[in-house]
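Content type mmCIF, C-alpha atoms, from the file start_15.cif:
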data_input
loop_
_atom_site.label_atom_id
_atom_site.label_comp_id
_atom_site.auth_asym_id
_atom_site.auth_seq_id
_atom_site.Cartn_x
_atom_site.Cartn_y
_atom_site.Cartn_z
CA MET A 234 -1.64 -11.92 16.43
CA GLU A 235 1.59 -13.93 16.47
CA ALA A 236 3.22 -14.47 13.09
CA LEU A 237 2.83 -17.93 11.60
CA THR A 238 5.89 -20.12 11.17
CA PHE A 239 6.22 -23.40 9.27
CA THR A 240 8.87 -26.07 9.00
CA ILE A 241 9.00 -27.34 5.43
CA GLY A 242 11.67 -30.02 5.56
CA HIS A 243 14.96 -28.19 6.03
CA PHE A 244 13.36 -24.78 5.37
CA ARG A 245 12.01 -22.46 8.04
CA VAL A 246 9.21 -20.31 6.63
CA ARG A 247 7.66 -17.42 8.52
CA GLU A 248 4.98 -14.90 7.78
CA LEU A 249 5.98 -11.24 7.55
CA LEU A 250 3.26 -8.58 7.52
CA PHE A 251 4.45 -5.27 6.10
CA GLY A 252 1.14 -3.54 6.76
CA MET A 253 -2.41 -3.00 5.52
CA PHE A 254 -4.11 -1.06 2.74
CA ARG A 255 -7.51 -0.89 1.01
CA LEU A 256 -8.74 -1.39 -2.54
CA ASP A 257 -12.19 -1.21 -4.09
CA GLY A 258 -14.10 -4.39 -3.22
CA GLY A 259 -15.79 -4.59 -6.61
CA ALA A 260 -12.42 -4.43 -8.36
CA MET A 261 -11.04 -7.15 -6.10
CA PHE A 262 -13.89 -9.52 -6.97
CA GLY A 263 -14.58 -8.63 -10.60
CA SER A 264 -17.93 -9.94 -11.82
CA VAL A 265 -18.92 -11.40 -8.44
CA PRO A 266 -21.99 -9.46 -7.17
CA ARG A 267 -21.47 -7.21 -4.15
CA PRO A 268 -24.05 -9.08 -2.00
CA LEU A 269 -21.79 -12.14 -2.28
CA TRP A 270 -18.30 -10.69 -1.87
CA SER A 271 -19.32 -8.24 0.86
CA LYS A 272 -20.21 -11.18 3.09
CA GLN A 273 -16.64 -12.40 2.70
CA ILE A 274 -14.84 -9.10 3.37
CA PRO A 275 -17.13 -6.18 4.37
CA PRO A 276 -16.31 -2.83 2.66
CA ASP A 277 -15.96 0.57 4.29
CA GLU A 278 -18.09 3.62 3.46
CA ARG A 279 -16.00 4.22 0.32
CA GLY A 280 -16.48 0.65 -0.95
CA ARG A 281 -12.93 -0.38 -0.08
CA ILE A 282 -11.98 -3.62 1.62
CA PRO A 283 -9.01 -4.15 3.98
CA LEU A 284 -6.09 -6.08 2.51
CA ALA A 285 -2.79 -7.22 3.94
CA THR A 286 0.66 -6.81 2.42
CA ARG A 287 1.88 -10.18 3.62
CA SER A 288 5.19 -11.70 2.62
CA ILE A 289 7.03 -14.85 3.57
CA VAL A 290 10.62 -15.26 4.69
CA VAL A 291 12.29 -18.55 3.79
CA GLU A 292 15.46 -19.37 5.74
CA VAL A 293 17.91 -22.15 4.95
CA GLY A 294 21.56 -22.21 6.01
CA ASP A 295 23.02 -18.76 5.48
CA ARG A 296 20.39 -17.78 2.89
CA VAL A 297 17.34 -15.67 3.70
CA PHE A 298 14.73 -15.37 0.92
CA LEU A 299 12.14 -12.60 1.19
CA VAL A 300 9.15 -12.99 -1.14
CA ASP A 301 7.71 -9.56 -2.04
CA VAL A 302 8.36 -6.40 -0.08
CA GLY A 303 5.11 -4.53 0.57
CA ILE A 304 4.17 -1.02 -0.54
CA GLY A 305 7.07 0.89 0.96
CA GLU A 306 7.19 4.56 1.92
CA LYS A 307 7.63 6.34 -1.42
CA MET A 308 3.95 7.25 -1.96
CA GLY A 309 2.69 10.76 -1.35
CA GLU A 310 -0.11 11.80 1.00
CA LYS A 311 -2.76 11.72 -1.75
CA GLU A 312 -2.03 8.11 -2.67
CA ARG A 313 -1.72 7.07 0.96
CA ASN A 314 -5.24 8.41 1.55
CA ILE A 315 -6.69 6.75 -1.55
CA TYR A 316 -5.33 3.36 -0.55
CA ALA A 317 -5.54 3.87 3.25
CA ILE A 318 -1.95 2.67 3.59
CA GLU A 319 -0.83 1.62 7.05
CA ASN A 320 2.75 0.38 6.95
CA LYS A 321 4.87 -1.01 9.71
CA PRO A 322 7.98 1.17 10.18
CA ASN A 323 11.57 0.36 9.26
CA PRO A 324 11.15 -2.62 6.91
CA ASP A 325 14.92 -3.08 6.70
CA GLN A 326 14.89 -3.85 10.42
CA LEU A 327 12.23 -6.53 10.04
CA VAL A 328 14.41 -8.80 7.93
CA ALA A 329 17.90 -8.87 6.38
CA PRO A 330 17.46 -10.88 3.16
CA THR A 331 20.24 -12.28 1.04
CA ASP A 332 17.68 -12.78 -1.75
CA ILE A 333 14.41 -11.10 -2.71
CA ILE A 334 11.90 -12.87 -4.94
CA LEU A 335 9.47 -10.39 -6.51
CA THR A 336 6.29 -12.06 -7.76
CA HIS A 337 5.70 -8.98 -9.92
CA LEU A 338 6.31 -5.24 -9.89
CA HIS A 339 2.84 -3.92 -8.99
CA PHE A 340 3.23 -1.25 -6.31
CA ASP A 341 1.67 -3.30 -3.50
CA HIS A 342 4.18 -6.11 -4.07
CA ALA A 343 7.37 -4.27 -5.00
CA GLY A 344 7.08 -0.73 -3.61
CA GLY A 345 9.26 -1.54 -0.62
CA ILE A 346 12.18 -2.55 -2.84
CA SER A 347 13.52 1.02 -2.64
CA ARG A 348 13.22 4.24 -0.67
CA TRP A 349 14.03 7.90 -1.05
CA SER A 350 17.59 8.73 -0.05
CA GLU A 351 17.94 10.66 3.21
CA ALA A 352 20.82 12.61 1.68
CA ASP A 353 18.81 13.57 -1.41
CA PRO A 354 15.03 12.91 -1.34
CA SER A 355 14.89 13.05 -5.15
CA ILE A 356 17.10 9.94 -5.43
CA ILE A 357 15.98 6.38 -4.85
CA GLU A 358 18.16 3.74 -3.25
CA PRO A 359 17.62 0.00 -2.68
CA THR A 360 16.15 -0.81 0.73
CA TRP A 361 18.32 -3.95 0.88
CA PRO A 362 21.36 -3.18 -1.34
CA GLN A 363 23.07 -6.46 -0.42
CA ALA A 364 20.21 -8.66 -1.66
CA THR A 365 19.94 -10.40 -5.03
CA ILE A 366 16.57 -9.80 -6.72
CA HIS A 367 14.83 -12.63 -8.59
CA ILE A 368 12.08 -11.77 -11.09
CA GLN A 369 10.66 -12.86 -14.44
CA HIS A 370 12.13 -11.07 -17.46
CA ALA A 371 8.64 -10.75 -18.96
CA ASN A 372 7.38 -8.81 -15.97
CA VAL A 373 10.26 -6.35 -16.12
CA THR A 374 9.37 -5.75 -19.76
CA THR A 375 5.69 -5.31 -18.84
CA ALA A 376 6.51 -2.90 -16.02
CA THR A 377 8.87 -0.86 -18.21
CA THR A 378 6.17 -0.24 -20.83
CA PRO A 379 2.84 -0.89 -19.07
CA ASN A 380 -0.46 -0.83 -20.91
CA ILE A 381 -3.14 1.75 -20.12
CA LYS A 382 -4.96 -0.49 -17.64
CA GLU A 383 -1.84 -1.29 -15.59
CA ARG A 384 -0.11 2.06 -15.80
CA ALA A 385 -1.33 3.06 -12.33
CA SER A 386 0.09 -0.13 -10.76
CA TYR A 387 3.63 -0.06 -12.17
CA PHE A 388 5.84 2.71 -10.81
CA ARG A 389 8.99 3.83 -12.61
CA GLU A 390 10.90 4.07 -9.32
CA ASN A 391 10.39 0.37 -8.57
CA VAL A 392 11.53 -0.72 -12.03
CA GLU A 393 14.60 1.52 -11.92
CA THR A 394 15.71 -0.04 -8.64
CA LEU A 395 16.44 -3.29 -10.46
CA SER A 396 19.37 -1.63 -12.22
CA LEU A 397 20.80 -0.56 -8.86
CA ALA A 398 20.99 -4.10 -7.48
CA LYS A 399 22.08 -7.53 -8.56
CA THR A 400 19.05 -8.78 -10.47
CA VAL A 401 18.52 -12.27 -11.89
CA LEU A 402 15.93 -12.58 -14.67
CA TYR A 403 14.02 -15.80 -15.32
CA HIS A 404 12.13 -17.17 -18.29
CA GLY A 405 9.36 -19.40 -16.96
CA THR A 406 9.53 -22.02 -14.22
CA GLN A 407 12.91 -22.09 -12.50
CA GLU A 408 14.52 -23.56 -9.40
CA VAL A 409 15.96 -20.51 -7.65
CA TYR A 410 17.61 -22.58 -4.92
CA PRO A 411 17.36 -26.35 -4.30
CA GLY A 412 13.75 -26.77 -3.16
CA ILE A 413 12.61 -23.19 -3.99
CA PHE A 414 10.83 -22.79 -7.33
CA VAL A 415 9.19 -19.92 -9.20
CA HIS A 416 6.36 -20.59 -11.67
CA ARG A 417 5.35 -18.08 -14.31
CA VAL A 418 1.66 -17.23 -14.83
CA ASP A 419 0.27 -14.46 -17.04
CA GLY A 420 -3.45 -14.04 -16.34
CA HIS A 421 -3.13 -11.34 -13.67
CA THR A 422 -0.24 -9.58 -15.39
CA ASP A 423 2.32 -10.76 -17.89
CA GLY A 424 5.27 -12.44 -16.20
CA MET A 425 3.95 -12.83 -12.66
CA GLN A 426 5.44 -15.74 -10.72
CA TRP A 427 4.17 -17.75 -7.78
CA VAL A 428 6.55 -19.42 -5.35
CA GLU A 429 6.90 -23.04 -4.22
CA VAL A 430 8.93 -24.25 -1.24
CA ARG A 431 9.33 -28.06 -1.22
CA SER A 432 11.39 -30.35 1.01
CA GLU A 433 11.11 -33.82 2.55
CA GLY A 434 7.57 -34.43 1.32
CA LYS A 435 6.23 -31.08 2.58
CA MET A 436 5.14 -28.14 0.45
CA LEU A 437 4.24 -24.48 0.92
CA LEU A 438 2.94 -22.31 -1.93
CA PHE A 439 2.70 -18.54 -2.23
CA PRO A 440 0.30 -17.75 -5.12
CA SER A 441 0.56 -13.95 -4.99
CA ASP A 442 -2.31 -12.36 -6.94
CA LEU A 443 -3.35 -15.61 -8.58
CA ILE A 444 -5.29 -16.23 -5.34
CA PRO A 445 -4.95 -13.02 -3.32
CA THR A 446 -7.22 -14.04 -0.41
CA SER A 447 -8.88 -17.19 0.88
CA SER A 448 -12.15 -15.74 -0.43
CA HIS A 449 -10.73 -16.15 -3.96
CA LEU A 450 -10.36 -19.94 -3.72
CA HIS A 451 -13.49 -20.37 -5.81
CA PRO A 452 -12.18 -20.62 -9.38
CA ALA A 453 -14.71 -18.08 -10.70
CA TYR A 454 -13.72 -15.41 -8.17
CA THR A 455 -11.27 -13.37 -10.20
CA MET A 456 -10.28 -9.72 -9.95
CA GLY A 457 -11.17 -6.79 -12.13
CA TYR A 458 -7.46 -6.01 -12.00
CA ASP A 459 -6.65 -9.25 -13.86
CA MET A 460 -5.56 -8.75 -17.46
CA CYS A 461 -7.23 -11.98 -18.63
CA ALA A 462 -9.91 -13.63 -16.46
CA ALA A 463 -10.05 -16.74 -18.66
CA LYS A 464 -6.32 -17.30 -18.27
CA VAL A 465 -6.51 -16.71 -14.51
CA LEU A 466 -9.27 -19.34 -14.31
CA SER A 467 -7.11 -21.90 -16.12
CA GLU A 468 -3.99 -21.05 -14.10
CA LYS A 469 -5.90 -21.10 -10.80
CA LEU A 470 -7.41 -24.54 -11.49
CA ALA A 471 -3.96 -25.89 -12.32
CA PHE A 472 -2.54 -24.33 -9.15
CA LEU A 473 -5.31 -25.71 -6.92
CA SER A 474 -5.00 -29.19 -8.44
CA TYR A 475 -1.27 -29.11 -7.75
CA ALA A 476 -1.77 -27.82 -4.21
CA ALA A 477 -4.44 -30.41 -3.39
CA ALA A 478 -2.39 -33.28 -4.83
CA HIS A 479 0.42 -32.41 -2.41
CA GLU A 480 -1.80 -31.23 0.48
CA ALA A 481 0.19 -28.02 0.32
CA ILE A 482 -0.01 -25.08 2.69
CA VAL A 483 -1.05 -21.96 0.76
CA VAL A 484 -0.18 -18.52 2.16
CA PHE A 485 -2.53 -15.74 1.02
CA GLN A 486 -0.73 -12.48 0.43
CA HIS A 487 -3.67 -10.09 0.81
CA ASP A 488 -6.08 -11.85 3.18
CA PRO A 489 -6.65 -9.57 6.20
CA MET A 490 -7.81 -12.38 8.51
CA CYS A 491 -6.69 -15.76 7.16
CA PRO A 492 -2.94 -15.99 6.49
CA ALA A 493 -2.85 -19.62 5.33
CA LEU A 494 -4.84 -22.80 4.67
CA ARG A 495 -4.09 -26.31 3.51
CA ILE A 496 -5.77 -27.15 0.19
CA ILE A 497 -7.76 -30.34 -0.27
CA GLU A 498 -10.13 -31.61 -2.97
CA ARG A 499 -13.50 -32.84 -1.75
CA GLY A 500 -16.41 -33.82 -3.97
CA GLY A 501 -14.76 -32.34 -7.02
CA LYS A 502 -14.30 -28.97 -5.31
CA PHE A 503 -11.24 -27.37 -3.77
CA GLU A 504 -11.41 -26.34 -0.13
CA GLY A 505 -9.12 -24.79 2.41
CA VAL A 506 -8.70 -26.38 5.83
CA SER A 507 -6.81 -25.12 8.85
CA VAL A 508 -3.08 -25.74 8.88
#
Whole structure, structure tokens version:
Amino acid sequence: MEALTFTIGHFRVRELLFGMFRLDGGAMFGSVPRPLWSKQIPPDERGRIPLATRSIVVEVGDRVFLVDVGIGEKMGEKERNIYAIENKPNPDQLVAPTDIILTHLHFDHAGGISRWSEADPSIIEPTWPQATIHIQHANVTTATTPNIKERASYFRENVETLSLAKTVLYHGTQEVYPGIFVHRVDGHTDGMQWVEVRSEGKMLLFPSDLIPTSSHLHPAYTMGYDMCAAKVLSEKLAFLSYAAAHEAIVVFQHDPMCPALRIIERGGKFEGVSV
């Protein structure tokens, strides 16, 4: 399938798929009964559903912004089997970013930020040493001292990479570059940020794990991985209202089949329509 590309005013935005992996379907849909969610994304014999590690690349002038970096290659064979990881090779050859926006430091979003050194496999090095990393200060704090529930999602190696690169820390909503905004939300994990690209009356949004797939557009479809379902519900409704008001394109980071939809409000409900 050919990668999607969008023209958002003076920005060129393209889809970048780092690979695929699998997580437990029940965990991905929280309190939603299996007979409902399994119709959306059928599970395998181990109850896992296929998920993409999709990023976007935003190009403007001499700047290239990469939003999230996939799982990377640092995991061992045991973890690769658990999560059925299928990465595309050589991520540093797929894109040469000047800037990397990390929505948060969970392994499936930030694992590709570094790799083991070929000279010394016990040492990590940045995958893109020339790039500036943009992330919320609160999420770095969360990832440095994760709680029991999130401990398996935040890896020390990914956090340590931030000290090896030029890293810019934000406190809430911020304009990273004229027309590129990050918005802090805390329901999934403290200090996550979703990304907005806006220019000449057009808008593209990248909600990260606030709405991981198109099957999660229903406000009540939240994940078991979320730290606070009530907060996610409030943040998702605000996001969808904003997206619908601007007829924004929304790119779904983890959807295995549907990369993007345009959000509209119809009859008091939010829907996705083809872009």
I'd like a table as JSON lines: residues in range 263-375 of chain A with an atom no more than 12 Å from range 451-464 of chain A, each row giving the shortest atom pair and its distance in Å to one decimal, all atoms listed in the file counted, sorted by chain and rising residue number.
{"residue": "A:Gly263", "atom": "CA", "partner": "A:Gly457", "partner_atom": "CA", "distance": 4.2}
{"residue": "A:Ser264", "atom": "CA", "partner": "A:Gly457", "partner_atom": "CA", "distance": 7.5}
{"residue": "A:Val265", "atom": "CA", "partner": "A:Tyr454", "partner_atom": "CA", "distance": 6.6}
{"residue": "A:Pro266", "atom": "CA", "partner": "A:Tyr454", "partner_atom": "CA", "distance": 10.2}
{"residue": "A:Arg267", "atom": "CA", "partner": "A:Tyr454", "partner_atom": "CA", "distance": 12.0}
{"residue": "A:Leu269", "atom": "CA", "partner": "A:Tyr454", "partner_atom": "CA", "distance": 10.5}
{"residue": "A:Trp270", "atom": "CA", "partner": "A:Tyr454", "partner_atom": "CA", "distance": 9.1}
{"residue": "A:Gln273", "atom": "CA", "partner": "A:Tyr454", "partner_atom": "CA", "distance": 11.7}
{"residue": "A:His339", "atom": "CA", "partner": "A:Tyr458", "partner_atom": "CA", "distance": 10.9}
{"residue": "A:Thr375", "atom": "CA", "partner": "A:Met460", "partner_atom": "CA", "distance": 11.8}
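In this structure, CA of Phe472 in chain A sits 13.6 Å away from CA of Phe414 in chain A.
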Neighbour list for range 250-257 of chain A as a ChimeraX atom specification, cut-off 6 Å, all atoms listed in the file, skip fewer than 2 positions in-chain:
/A:259-260,280-287,303,316-321
If the PyMOL selection byres ((chain A and resi 496-506) around 9) is run on the structure shown, which residues does it catch, given as a CSV table (one decimal) with C-alpha atoms, in the frame of the given file?
chain,number,residue,atom,x,y,z
A,447,SER,CA,-8.9,-17.2,0.9
A,450,LEU,CA,-10.4,-19.9,-3.7
A,451,HIS,CA,-13.5,-20.4,-5.8
A,452,PRO,CA,-12.2,-20.6,-9.4
A,473,LEU,CA,-5.3,-25.7,-6.9
A,474,SER,CA,-5.0,-29.2,-8.4
A,476,ALA,CA,-1.8,-27.8,-4.2
A,477,ALA,CA,-4.4,-30.4,-3.4
A,478,ALA,CA,-2.4,-33.3,-4.8
A,479,HIS,CA,0.4,-32.4,-2.4
A,480,GLU,CA,-1.8,-31.2,0.5
A,481,ALA,CA,0.2,-28.0,0.3
A,482,ILE,CA,0.0,-25.1,2.7
A,483,VAL,CA,-1.0,-22.0,0.8
A,493,ALA,CA,-2.8,-19.6,5.3
A,494,LEU,CA,-4.8,-22.8,4.7
A,495,ARG,CA,-4.1,-26.3,3.5
A,507,SER,CA,-6.8,-25.1,8.8
A,508,VAL,CA,-3.1,-25.7,8.9
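Interatomic distance, CA of Gly424 in chain A against CA of Thr360 in chain A: 23.2 Å.
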Exercise for the section: Find the residues around range 365-368 of chain A up to 7 Å (all atoms listed in the file counted), leave out those fewer than 2 positions away in its own chain, and share them as number ranges by chain. Expected result: A: 331-336, 363, 370, 398-403
From CA of Glu393 in chain A to CA of Glu312 in chain A the spacing works out at 20.1 Å
For this session: For Val246 in chain A, work out the shell of residues within 12 Å, counting all atoms listed in the file and skipping chain neighbours fewer than 4 positions away, then give it as a ChimeraX atom specification.
Result: /A:236-242,288-293,297-300,413,429-432,435-439,482-484
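Considering the residues A:His337, A:Arg247, A:Arg279, A:Arg348 and counting only C-alpha atoms, Met425 in chain A has its shortest atom-to-atom contact with A:His337.
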